[in-house]
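Asker: If it helps, the file is called coords-v2.csv and holds CSV, C-alpha atoms and all ligand atoms:
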```csv
chain,number,residue,atom,x,y,z
A,992,MET,CA,0.0,0.0,0.0
A,993,GLU,CA,1.1,3.5,-0.7
A,994,ILE,CA,-0.4,7.0,-0.6
A,995,ARG,CA,-0.1,9.2,-3.7
A,996,ARG,CA,-1.0,12.8,-4.2
A,997,ASP,CA,-3.1,14.1,-7.0
A,998,PRO,CA,-0.9,17.1,-8.2
A,999,ILE,CA,-3.9,19.1,-9.3
A,1000,THR,CA,-6.5,18.7,-6.5
A,1001,GLN,CA,-3.8,17.8,-3.9
A,1002,SER,CA,-6.0,15.0,-2.7
A,1003,TRP,CA,-4.1,12.0,-1.1
A,1004,VAL,CA,-5.2,8.6,-2.4
A,1005,VAL,CA,-4.5,5.4,-0.5
A,1006,LEU,CA,-3.6,2.8,-3.2
A,1007,GLY,CA,-3.2,-0.9,-3.0
A,1008,GLN,CA,-5.0,-4.0,-1.9
A,1009,ARG,CA,-6.4,-4.0,1.6
A,1010,GLU,CA,-5.5,-7.1,3.5
A,1011,GLU,CA,-8.5,-9.4,3.9
A,1012,HIS,CA,-9.6,-11.3,6.9
A,1013,PRO,CA,-11.6,-14.5,6.6
A,1014,GLU,CA,-15.2,-13.4,7.3
A,1015,ASN,CA,-17.2,-15.4,9.8
A,1016,ASP,CA,-20.7,-14.1,10.0
A,1017,GLN,CA,-21.4,-16.1,13.2
A,1018,VAL,CA,-18.7,-14.4,15.2
A,1019,CYS,CA,-18.7,-10.6,15.8
A,1020,PRO,CA,-15.1,-9.3,15.8
A,1021,LEU,CA,-16.1,-6.5,18.2
A,1022,CYS,CA,-17.9,-8.4,21.0
A,1023,SER,CA,-17.1,-12.1,20.8
A,1024,LYS,CA,-15.2,-13.8,23.6
A,1025,GLU,CA,-12.2,-14.0,21.3
A,1026,ALA,CA,-12.4,-10.3,20.4
A,1027,GLU,CA,-12.6,-9.3,24.0
A,1028,LYS,CA,-9.3,-11.1,24.7
A,1029,GLN,CA,-7.5,-8.9,22.3
A,1030,PRO,CA,-5.7,-5.9,23.9
A,1031,ALA,CA,-7.5,-2.6,23.7
A,1032,LEU,CA,-6.1,0.9,23.2
A,1033,LEU,CA,-8.7,2.2,25.7
A,1034,THR,CA,-11.3,0.6,27.9
A,1035,TRP,CA,-13.9,2.2,30.0
A,1036,PRO,CA,-14.3,1.5,32.8
A,1037,GLU,CA,-10.8,0.1,33.5
A,1038,GLN,CA,-12.1,-2.6,35.8
A,1039,GLY,CA,-15.2,-4.8,35.4
A,1040,PRO,CA,-17.4,-5.2,32.4
A,1041,TRP,CA,-16.5,-2.6,29.7
A,1042,GLN,CA,-18.9,0.0,28.3
A,1043,VAL,CA,-16.7,1.5,25.6
A,1044,ARG,CA,-13.6,0.0,24.0
A,1045,VAL,CA,-11.1,1.2,21.4
A,1046,VAL,CA,-9.2,-1.5,19.4
A,1047,PRO,CA,-6.8,-1.4,16.4
A,1048,HIS,CA,-8.7,-1.9,13.1
A,1049,MET,CA,-8.3,-5.5,11.9
A,1050,THR,CA,-7.6,-4.5,8.3
A,1051,PRO,CA,-6.1,-1.0,8.7
A,1052,LEU,CA,-5.6,1.5,5.9
A,1053,TYR,CA,-2.8,3.0,7.8
A,1054,ARG,CA,-0.1,1.5,10.1
A,1055,ILE,CA,1.5,3.0,13.1
A,1056,GLU,CA,5.0,1.7,12.6
A,1057,GLY,CA,7.5,2.9,10.1
A,1058,GLU,CA,8.8,6.1,8.4
A,1059,LEU,CA,6.7,8.3,6.2
A,1060,GLY,CA,9.3,7.9,3.4
A,1061,ARG,CA,7.8,10.9,1.6
A,1062,GLN,CA,9.4,11.0,-1.8
A,1063,ALA,CA,9.1,12.4,-5.2
A,1064,GLU,CA,8.5,10.3,-8.3
A,1065,GLY,CA,9.3,12.8,-11.1
A,1066,ILE,CA,6.8,15.6,-10.6
A,1067,TYR,CA,4.6,13.4,-8.3
A,1068,ASP,CA,4.6,12.9,-4.5
A,1069,LYS,CA,4.0,9.7,-2.6
A,1070,MET,CA,4.5,8.3,0.9
A,1071,GLN,CA,4.0,5.2,3.0
A,1072,PRO,CA,0.6,4.7,4.6
A,1073,VAL,CA,1.9,5.5,8.1
A,1074,GLY,CA,-0.8,6.5,10.5
A,1075,ALA,CA,-3.3,4.9,12.8
A,1076,HIS,CA,-6.6,3.2,12.2
A,1077,GLU,CA,-8.8,2.3,15.2
A,1078,VAL,CA,-12.3,1.1,16.0
A,1079,ILE,CA,-14.3,2.7,18.8
A,1080,VAL,CA,-16.8,0.0,20.0
A,1081,GLU,CA,-19.6,2.2,21.3
A,1082,SER,CA,-21.4,-0.4,23.4
A,1083,PRO,CA,-21.0,-4.0,24.5
A,1084,GLN,CA,-24.5,-4.6,23.2
A,1085,HIS,CA,-24.4,-6.0,19.7
A,1086,ASP,CA,-27.9,-5.1,18.6
A,1087,LYS,CA,-27.9,-1.5,19.8
A,1088,ARG,CA,-27.3,1.6,17.6
A,1089,LEU,CA,-25.7,4.8,18.8
A,1090,GLY,CA,-29.0,6.6,18.6
A,1091,GLN,CA,-30.6,4.0,21.0
A,1092,LEU,CA,-28.0,4.5,23.7
A,1093,SER,CA,-28.7,6.7,26.8
A,1094,ASP,CA,-27.4,10.3,26.9
A,1095,GLU,CA,-24.9,9.1,29.4
A,1096,GLU,CA,-23.7,6.3,27.2
A,1097,ILE,CA,-23.4,8.6,24.1
A,1098,GLU,CA,-21.5,11.1,26.2
A,1099,ARG,CA,-19.0,8.3,27.0
A,1100,VAL,CA,-18.6,7.6,23.3
A,1101,LEU,CA,-17.9,11.3,22.6
A,1102,TRP,CA,-15.4,11.2,25.5
A,1103,ALA,CA,-13.7,8.3,23.8
A,1104,TYR,CA,-13.6,10.3,20.5
A,1105,GLY,CA,-11.9,13.1,22.3
A,1106,ALA,CA,-9.5,10.9,24.2
A,1107,ARG,CA,-8.3,9.1,21.0
A,1108,ILE,CA,-7.9,12.4,19.1
A,1109,ALA,CA,-5.8,13.9,22.0
A,1110,ASP,CA,-3.7,10.8,22.3
A,1111,LEU,CA,-2.9,10.5,18.6
A,1112,LYS,CA,-2.1,14.2,18.4
A,1113,LYS,CA,0.9,13.6,20.6
A,1114,ASP,CA,2.6,11.9,17.7
A,1115,PRO,CA,4.2,14.7,15.6
A,1116,ARG,CA,4.1,12.4,12.5
A,1117,PHE,CA,0.3,12.9,12.3
A,1118,LYS,CA,-1.1,16.1,10.8
A,1119,TYR,CA,-4.7,15.1,11.3
A,1120,VAL,CA,-6.9,12.8,13.4
A,1121,ALA,CA,-10.3,12.0,12.0
A,1122,VAL,CA,-13.3,10.4,13.8
A,1123,PHE,CA,-16.1,9.2,11.6
A,1124,LYS,CA,-18.9,6.7,11.6
A,1125,ASN,CA,-20.6,4.9,8.8
A,1126,GLN,CA,-23.9,3.4,9.9
A,1127,GLY,CA,-25.9,1.1,7.7
A,1128,VAL,CA,-25.0,-1.0,4.7
A,1129,LEU,CA,-25.6,1.8,2.3
A,1130,ALA,CA,-23.0,3.9,4.1
A,1131,GLY,CA,-20.4,1.2,3.8
A,1132,GLU,CA,-20.6,0.0,7.4
A,1133,GLU,CA,-18.1,-2.7,8.1
A,1134,TRP,CA,-19.8,-4.5,11.0
A,1135,ALA,CA,-23.3,-4.5,12.4
A,1136,HIS,CA,-22.0,-3.9,15.9
A,1137,PRO,CA,-22.2,-0.2,16.8
A,1138,HIS,CA,-18.8,1.4,16.2
A,1139,SER,CA,-17.0,4.5,15.0
A,1140,GLN,CA,-13.6,4.7,13.4
A,1141,VAL,CA,-10.5,6.9,14.0
A,1142,THR,CA,-7.7,7.5,11.5
A,1143,ALA,CA,-4.6,9.5,12.1
A,1144,THR,CA,-2.8,10.6,8.9
A,1145,ALA,CA,0.4,12.4,7.9
A,1146,PHE,CA,-1.8,14.7,5.7
A,1147,VAL,CA,-4.9,16.8,6.2
A,1148,PRO,CA,-7.9,15.4,4.4
A,1149,ARG,CA,-9.0,17.5,1.4
A,1150,ARG,CA,-12.3,18.7,2.7
A,1151,VAL,CA,-10.9,19.7,6.1
A,1152,LYS,CA,-8.1,21.6,4.2
A,1153,TYR,CA,-10.7,23.5,2.2
A,1154,GLU,CA,-12.5,24.4,5.5
A,1155,LEU,CA,-9.2,25.6,7.1
A,1156,HIS,CA,-8.3,27.8,4.1
A,1157,ALA,CA,-11.8,29.2,3.9
A,1158,SER,CA,-12.0,29.9,7.7
A,1159,ARG,CA,-8.7,31.7,7.6
A,1160,ASP,CA,-9.7,33.8,4.6
A,1161,TRP,CA,-13.0,34.8,6.3
A,1162,PHE,CA,-11.1,35.7,9.5
A,1163,LYS,CA,-8.5,37.7,7.6
A,1164,GLU,CA,-11.3,39.8,6.1
A,1165,LYS,CA,-13.7,40.1,9.0
A,1166,GLU,CA,-11.7,39.2,12.1
A,1167,ARG,CA,-14.5,36.7,13.0
A,1168,CYS,CA,-14.9,33.0,12.9
A,1169,VAL,CA,-17.1,31.9,10.0
A,1170,PHE,CA,-18.7,29.1,12.1
A,1171,CYS,CA,-19.6,31.6,14.9
A,1172,ASP,CA,-21.0,33.9,12.2
A,1173,ILE,CA,-23.1,31.0,10.8
A,1174,VAL,CA,-24.4,30.2,14.3
A,1175,ARG,CA,-25.4,33.8,14.9
A,1176,GLN,CA,-27.2,34.1,11.6
A,1177,GLU,CA,-29.0,30.7,12.0
A,1178,GLU,CA,-30.1,31.8,15.5
A,1179,LYS,CA,-31.6,34.9,14.1
A,1180,GLN,CA,-33.3,33.2,11.2
A,1181,SER,CA,-34.1,30.0,13.1
A,1182,LYS,CA,-35.7,28.3,10.1
A,1183,ARG,CA,-32.9,25.9,9.5
A,1184,ILE,CA,-32.4,25.0,13.2
A,1185,VAL,CA,-33.7,21.5,14.0
A,1186,ASP,CA,-33.0,21.3,17.7
A,1187,VAL,CA,-31.2,23.0,20.6
A,1188,GLN,CA,-29.7,21.6,23.8
A,1189,GLY,CA,-27.9,24.0,26.1
A,1190,ASP,CA,-25.2,25.7,24.0
A,1191,TYR,CA,-25.4,23.2,21.2
A,1192,TYR,CA,-27.4,23.5,17.9
A,1193,ALA,CA,-28.4,20.9,15.3
A,1194,LEU,CA,-29.1,22.7,12.0
A,1195,CYS,CA,-29.5,22.0,8.3
A,1196,PRO,CA,-26.7,24.0,6.6
A,1197,TYR,CA,-27.7,26.7,4.1
A,1198,ALA,CA,-26.2,24.9,1.2
A,1199,SER,CA,-26.9,21.3,2.3
A,1200,ARG,CA,-25.1,18.9,0.0
A,1201,VAL,CA,-27.6,16.0,0.5
A,1202,PRO,CA,-31.2,15.9,1.7
A,1203,TYR,CA,-31.4,16.3,5.5
A,1204,GLU,CA,-27.8,17.1,6.0
A,1205,ILE,CA,-27.3,18.1,9.7
A,1206,TRP,CA,-24.4,19.9,11.5
A,1207,LEU,CA,-24.0,20.0,15.2
A,1208,LEU,CA,-22.3,23.1,16.4
A,1209,HIS,CA,-21.3,24.6,19.8
A,1210,ARG,CA,-22.4,28.2,19.9
A,1211,ARG,CA,-19.2,29.2,21.8
A,1212,HIS,CA,-16.0,29.3,19.8
A,1213,ASN,CA,-13.5,26.4,20.2
A,1214,HIS,CA,-11.3,25.0,17.5
A,1215,ALA,CA,-10.5,21.6,19.1
A,1216,PHE,CA,-13.2,19.0,19.8
A,1217,GLU,CA,-10.8,17.2,22.1
A,1218,GLN,CA,-10.3,20.2,24.4
A,1219,PRO,CA,-13.8,21.1,25.6
A,1220,ARG,CA,-14.2,24.7,26.8
A,1221,ALA,CA,-14.3,25.1,30.6
A,1222,GLY,CA,-17.9,24.9,31.6
A,1223,SER,CA,-19.2,23.3,28.4
A,1224,ASN,CA,-21.4,20.3,29.1
A,1225,ARG,CA,-20.8,17.3,26.8
A,1226,ARG,CA,-24.0,15.7,28.1
A,1227,ASN,CA,-25.9,18.3,26.2
A,1228,LEU,CA,-24.1,17.5,23.0
A,1229,ALA,CA,-24.7,13.8,23.7
A,1230,ALA,CA,-28.5,14.4,24.2
A,1231,LEU,CA,-28.7,16.5,21.0
A,1232,LEU,CA,-26.8,13.8,19.0
A,1233,GLY,CA,-29.1,11.1,20.3
A,1234,ARG,CA,-32.2,13.0,19.4
A,1235,THR,CA,-30.8,13.9,16.0
A,1236,LEU,CA,-30.0,10.3,15.1
A,1237,ARG,CA,-33.4,9.1,16.3
A,1238,ARG,CA,-35.0,11.6,14.0
A,1239,LEU,CA,-32.9,10.6,11.0
A,1240,GLU,CA,-33.3,6.8,11.6
A,1241,LYS,CA,-37.1,7.3,11.1
A,1242,PHE,CA,-36.5,7.7,7.3
A,1243,ALA,CA,-32.8,7.4,6.4
A,1244,PRO,CA,-31.5,3.8,6.4
A,1245,ALA,CA,-27.9,4.9,6.6
A,1246,PHE,CA,-25.7,7.9,7.3
A,1247,HIS,CA,-22.1,9.1,7.5
A,1248,LEU,CA,-21.0,11.1,10.5
A,1249,VAL,CA,-17.7,13.0,10.8
A,1250,VAL,CA,-16.1,15.1,13.5
A,1251,HIS,CA,-14.2,18.1,12.0
A,1252,THR,CA,-11.6,19.3,14.5
A,1253,SER,CA,-8.4,21.3,14.2
A,1254,PRO,CA,-5.3,19.6,12.7
A,1255,ASN,CA,-2.3,18.7,14.8
A,1256,THR,CA,0.0,21.7,15.3
A,1257,LEU,CA,2.7,19.5,16.9
A,1258,SER,CA,3.3,18.1,13.4
A,1259,LYS,CA,4.7,21.5,12.3
A,1260,LYS,CA,8.3,22.1,13.2
A,1261,GLY,CA,9.4,25.7,13.8
A,1262,GLU,CA,7.2,28.7,13.4
A,1263,LEU,CA,3.6,28.1,12.2
A,1264,SER,CA,2.6,29.6,8.9
A,1265,GLY,CA,-0.5,29.6,6.6
A,1266,TYR,CA,-3.7,28.4,8.2
A,1267,TRP,CA,-1.7,26.7,11.0
A,1268,LYS,CA,-1.0,30.1,12.5
A,1269,THR,CA,-4.5,31.3,13.1
A,1270,LEU,CA,-6.3,28.0,13.7
A,1271,ALA,CA,-7.3,28.7,17.2
A,1272,ASP,CA,-9.1,31.9,16.2
A,1273,ASP,CA,-10.6,31.0,12.9
A,1274,PHE,CA,-11.5,27.2,13.0
A,1275,HIS,CA,-14.4,25.9,15.0
A,1276,TRP,CA,-15.0,22.1,15.5
A,1277,HIS,CA,-18.3,20.7,14.4
A,1278,ILE,CA,-20.0,17.4,13.6
A,1279,GLU,CA,-21.4,16.8,10.1
A,1280,ILE,CA,-24.0,14.1,9.5
A,1281,LEU,CA,-24.8,13.1,5.9
A,1282,PRO,CA,-27.9,10.9,5.7
A,1283,ILE,CA,-28.3,8.6,2.7
A,1284,VAL,CA,-31.8,8.7,1.5
A,1285,GLN,CA,-31.3,8.3,-2.2
A,1286,THR,CA,-30.1,5.0,-3.3
A,1287,ARG,CA,-30.0,5.4,-7.1
A,1288,SER,CA,-26.5,5.9,-8.4
A,1289,LYS,CA,-25.8,9.4,-9.2
A,1290,SER,CA,-25.0,10.8,-12.7
A,1291,TYR,CA,-21.7,12.3,-13.5
A,1292,SER,CA,-22.9,16.0,-13.4
A,1293,ILE,CA,-24.3,15.4,-9.9
A,1294,LYS,CA,-21.1,14.1,-8.6
A,1295,GLU,CA,-19.2,17.2,-9.7
A,1296,VAL,CA,-21.8,19.7,-8.4
A,1297,TYR,CA,-24.1,18.6,-5.6
A,1298,TYR,CA,-27.7,18.4,-6.4
A,1299,ASN,CA,-30.1,18.2,-3.5
A,1300,GLY,CA,-33.9,18.0,-4.1
A,1301,VAL,CA,-34.8,19.1,-0.5
A,1302,LEU,CA,-34.5,22.7,0.7
A,1303,PRO,CA,-32.7,22.8,4.1
A,1304,GLU,CA,-35.5,25.0,5.5
A,1305,GLU,CA,-38.0,22.3,4.6
A,1306,ALA,CA,-35.7,19.6,5.9
A,1307,ALA,CA,-35.3,21.4,9.2
A,1308,GLU,CA,-39.1,21.8,9.6
A,1309,TYR,CA,-39.7,18.1,8.8
A,1310,LEU,CA,-37.0,17.0,11.2
A,1311,ARG,CA,-38.3,19.3,14.0
A,1312,ASN,CA,-41.7,17.7,13.8
A,1313,LEU,CA,-40.4,14.2,14.2
A,1314,ASP,CA,-40.5,12.5,17.6
A,1315,ALA,CA,-37.0,12.5,18.9
A,1316,ASN,CA,-37.7,10.4,22.0
A,1317,SER,CA,-38.1,7.0,20.4
B,1401,ZN,ZN,-21.0,-7.5,18.3
B,1402,ZN,ZN,-16.1,30.0,16.1
B,1403,ZN,ZN,-16.7,20.4,8.3
```
What is this file in structure tokens?
Ligand SMILES: [Zn+2]
Ligand SMILES: [Zn+2]
Ligand SMILES: [Zn+2]
Answerer:
Amino acid sequence: MEIRRDPITQSWVVLGQREEHPENDQVCPLCSKEAEKQPALLTWPEQGPWQVRVVPHMTPLYRIEGELGRQAEGIYDKMQPVGAHEVIVESPQHDKRLGQLSDEEIERVLWAYGARIADLKKDPRFKYVAVFKNQGVLAGEEWAHPHSQVTATAFVPRRVKYELHASRDWFKEKERCVFCDIVRQEEKQSKRIVDVQGDYYALCPYASRVPYEIWLLHRRHNHAFEQPRAGSNRRNLAALLGRTLRRLEKFAPAFHLVVHTSPNTLSKKGELSGYWKTLADDFHWHIEILPIVQTRSKSYSIKEVYYNGVLPEEAAEYLRNLDANS
């Protein structure tokens, strides 16, 4: 396996055959007796039956050992797939989904997200730590057991890079964080807000890429998900996430969820430049949820430019009226 960079879009692409493990449908690799014997990267609680566990991915895209070996091949760039790839097992209960867990249990899953991001950011080889979740077969879920994934990479993923550049440009011009500005405007207009819990909002973004796209945002500025602001209450975020997922699951068979947090400044030696310098002021962590409601394969033009048949204002109204308690 190796990682190559597209010289035009600057996207990094992992290339090569992924190692395959013999599939055994009878045995869940996340909760079987065998699985539980494997060492974990994090277990909560430390003693007694576990509630949340983090384990190395069985067929990782990135590997922790080795050198990046970044090298040129003529005009091109490539490197070794050095990084980390982990699985967060959200519950010991095989048949539960994240949205069915209690607020307290979801808060623990969010805590595990933050703990793994913070730990992996100690490694200066990693520029970015991503936490994401694919739920449902249509979203490419790997196992039925409730889980999320963590990857640490020696590059910043392309969409995050766009966001970092755009946030910096906005800040340069206005001396304000674009995400804080979005929250203020959405508060005022309120038509795209789905739900509120404490200082956290769930809203359908103005230019939603897919029907019922939802972002979760903290109304107070903070660039790093893994460093909660003093006085911020994660239980509120957990409750909001639970209600949001219960709403979506009523009609969307699958979704992608991703946490966007700031990149790892430790990966930069010497003085910070470019977007790295102003991150703490201009970037703002958030969670994006992209439900999958259309199953037909998309035409070429739609892949290049998003086409969404549902206005976010209508989506928000529809979602607000759904029962979020069951
Ligand atoms: Zn299981
Ligand atoms: Zn902000
Ligand atoms: Zn984002």
Asker: Calculated over all atoms listed in the file, which of the candidates A:Gln1042, A:Gln1176, A:Ser1258, A:Asn1316 has the smallest distance to A:Pro1083?
Answerer: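 Looking at the shortest contact to A:Pro1083, the residue is A:Gln1042.
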Asker: Could you tell me how far atom CA of A:Leu1263 lies from atom CA of A:Val1174, in Å and to one decimal?
Answerer: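 These two atoms are separated by 28.2 Å.
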Asker: Would you mind reading off the distance between atom CA of A:Ala1230 and atom CA of A:Cys1171, one decimal, in Å?
Answerer: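 Taking atom CA of A:Ala1230 and atom CA of A:Cys1171, their separation equals 21.5 Å.
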Asker: Counting all atoms listed in the file, name the residues that have an atom within 12 Å of an atom of ligand ZN 1401 (chain B); the answer should be given as a ChimeraX atom specification.
Answerer: /A:1016-1027,1044,1080-1088,1133-1138
Asker: List every residue of chain A that has an atom at most 7 Å from any atom of ligand ZN 1402 (chain B), and for each one report the closest atom pair and its distance in Å to one decimal, counting all atoms listed in the file, with rows sorted by chain and then by increasing residue number, as a Markdown table.
Answerer:
```
| residue | atom | partner | partner_atom | distance |
| --- | --- | --- | --- | --- |
| A:Cys1168 | CA | B:ZN1402 | ZN | 4.5 |
| A:Val1169 | CA | B:ZN1402 | ZN | 6.5 |
| A:Phe1170 | CA | B:ZN1402 | ZN | 4.9 |
| A:Cys1171 | CA | B:ZN1402 | ZN | 4.0 |
| A:Arg1211 | CA | B:ZN1402 | ZN | 6.5 |
| A:His1212 | CA | B:ZN1402 | ZN | 3.8 |
| A:Asn1213 | CA | B:ZN1402 | ZN | 6.0 |
| A:Asp1273 | CA | B:ZN1402 | ZN | 6.4 |
| A:Phe1274 | CA | B:ZN1402 | ZN | 6.2 |
| A:His1275 | CA | B:ZN1402 | ZN | 4.6 |
```
Asker: Emit a file covering stretch 1104-1187 of chain A of the preceding structure with C-alpha atoms, as an mmCIF file, in the first residue's frame.
Answerer:
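As a result, decode-v7.cif now contains:
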```cif
data_model
loop_
_atom_site.group_PDB
_atom_site.id
_atom_site.type_symbol
_atom_site.label_atom_id
_atom_site.label_comp_id
_atom_site.auth_asym_id
_atom_site.auth_seq_id
_atom_site.Cartn_x
_atom_site.Cartn_y
_atom_site.Cartn_z
ATOM 1 C CA TYR A 1104 -13.598 10.282 20.475
ATOM 2 C CA GLY A 1105 -11.858 13.138 22.277
ATOM 3 C CA ALA A 1106 -9.486 10.874 24.214
ATOM 4 C CA ARG A 1107 -8.259 9.143 21.045
ATOM 5 C CA ILE A 1108 -7.872 12.431 19.126
ATOM 6 C CA ALA A 1109 -5.848 13.934 22.000
ATOM 7 C CA ASP A 1110 -3.667 10.841 22.342
ATOM 8 C CA LEU A 1111 -2.910 10.496 18.623
ATOM 9 C CA LYS A 1112 -2.134 14.222 18.370
ATOM 10 C CA LYS A 1113 0.860 13.603 20.649
ATOM 11 C CA ASP A 1114 2.553 11.914 17.682
ATOM 12 C CA PRO A 1115 4.171 14.663 15.575
ATOM 13 C CA ARG A 1116 4.088 12.414 12.477
ATOM 14 C CA PHE A 1117 0.319 12.888 12.293
ATOM 15 C CA LYS A 1118 -1.090 16.067 10.804
ATOM 16 C CA TYR A 1119 -4.722 15.128 11.296
ATOM 17 C CA VAL A 1120 -6.911 12.829 13.372
ATOM 18 C CA ALA A 1121 -10.337 12.036 11.966
ATOM 19 C CA VAL A 1122 -13.260 10.406 13.757
ATOM 20 C CA PHE A 1123 -16.118 9.153 11.626
ATOM 21 C CA LYS A 1124 -18.946 6.706 11.596
ATOM 22 C CA ASN A 1125 -20.634 4.863 8.756
ATOM 23 C CA GLN A 1126 -23.946 3.442 9.897
ATOM 24 C CA GLY A 1127 -25.947 1.141 7.668
ATOM 25 C CA VAL A 1128 -24.964 -1.033 4.730
ATOM 26 C CA LEU A 1129 -25.625 1.824 2.257
ATOM 27 C CA ALA A 1130 -23.040 3.905 4.110
ATOM 28 C CA GLY A 1131 -20.431 1.157 3.833
ATOM 29 C CA GLU A 1132 -20.624 0.019 7.438
ATOM 30 C CA GLU A 1133 -18.057 -2.706 8.140
ATOM 31 C CA TRP A 1134 -19.797 -4.529 10.984
ATOM 32 C CA ALA A 1135 -23.315 -4.485 12.367
ATOM 33 C CA HIS A 1136 -22.020 -3.910 15.901
ATOM 34 C CA PRO A 1137 -22.240 -0.181 16.841
ATOM 35 C CA HIS A 1138 -18.849 1.401 16.187
ATOM 36 C CA SER A 1139 -16.999 4.489 14.955
ATOM 37 C CA GLN A 1140 -13.553 4.724 13.423
ATOM 38 C CA VAL A 1141 -10.489 6.855 14.042
ATOM 39 C CA THR A 1142 -7.729 7.521 11.545
ATOM 40 C CA ALA A 1143 -4.553 9.505 12.085
ATOM 41 C CA THR A 1144 -2.774 10.569 8.900
ATOM 42 C CA ALA A 1145 0.363 12.377 7.855
ATOM 43 C CA PHE A 1146 -1.776 14.688 5.715
ATOM 44 C CA VAL A 1147 -4.857 16.850 6.224
ATOM 45 C CA PRO A 1148 -7.873 15.385 4.367
ATOM 46 C CA ARG A 1149 -8.982 17.522 1.440
ATOM 47 C CA ARG A 1150 -12.349 18.724 2.711
ATOM 48 C CA VAL A 1151 -10.857 19.746 6.060
ATOM 49 C CA LYS A 1152 -8.092 21.572 4.223
ATOM 50 C CA TYR A 1153 -10.700 23.510 2.235
ATOM 51 C CA GLU A 1154 -12.460 24.404 5.455
ATOM 52 C CA LEU A 1155 -9.205 25.559 7.069
ATOM 53 C CA HIS A 1156 -8.320 27.776 4.119
ATOM 54 C CA ALA A 1157 -11.820 29.216 3.901
ATOM 55 C CA SER A 1158 -12.000 29.882 7.658
ATOM 56 C CA ARG A 1159 -8.669 31.664 7.557
ATOM 57 C CA ASP A 1160 -9.691 33.820 4.581
ATOM 58 C CA TRP A 1161 -12.957 34.772 6.295
ATOM 59 C CA PHE A 1162 -11.103 35.657 9.485
ATOM 60 C CA LYS A 1163 -8.534 37.728 7.612
ATOM 61 C CA GLU A 1164 -11.268 39.817 6.070
ATOM 62 C CA LYS A 1165 -13.708 40.111 8.982
ATOM 63 C CA GLU A 1166 -11.730 39.170 12.109
ATOM 64 C CA ARG A 1167 -14.499 36.745 12.982
ATOM 65 C CA CYS A 1168 -14.879 32.987 12.879
ATOM 66 C CA VAL A 1169 -17.093 31.897 9.979
ATOM 67 C CA PHE A 1170 -18.698 29.148 12.073
ATOM 68 C CA CYS A 1171 -19.555 31.606 14.858
ATOM 69 C CA ASP A 1172 -21.044 33.869 12.184
ATOM 70 C CA ILE A 1173 -23.114 30.970 10.822
ATOM 71 C CA VAL A 1174 -24.429 30.174 14.296
ATOM 72 C CA ARG A 1175 -25.418 33.828 14.921
ATOM 73 C CA GLN A 1176 -27.241 34.085 11.609
ATOM 74 C CA GLU A 1177 -29.018 30.750 12.032
ATOM 75 C CA GLU A 1178 -30.093 31.779 15.541
ATOM 76 C CA LYS A 1179 -31.599 34.931 14.103
ATOM 77 C CA GLN A 1180 -33.335 33.219 11.189
ATOM 78 C CA SER A 1181 -34.118 29.997 13.094
ATOM 79 C CA LYS A 1182 -35.723 28.340 10.054
ATOM 80 C CA ARG A 1183 -32.869 25.892 9.516
ATOM 81 C CA ILE A 1184 -32.449 24.987 13.198
ATOM 82 C CA VAL A 1185 -33.668 21.488 13.995
ATOM 83 C CA ASP A 1186 -32.993 21.319 17.721
ATOM 84 C CA VAL A 1187 -31.161 23.027 20.586
#
```
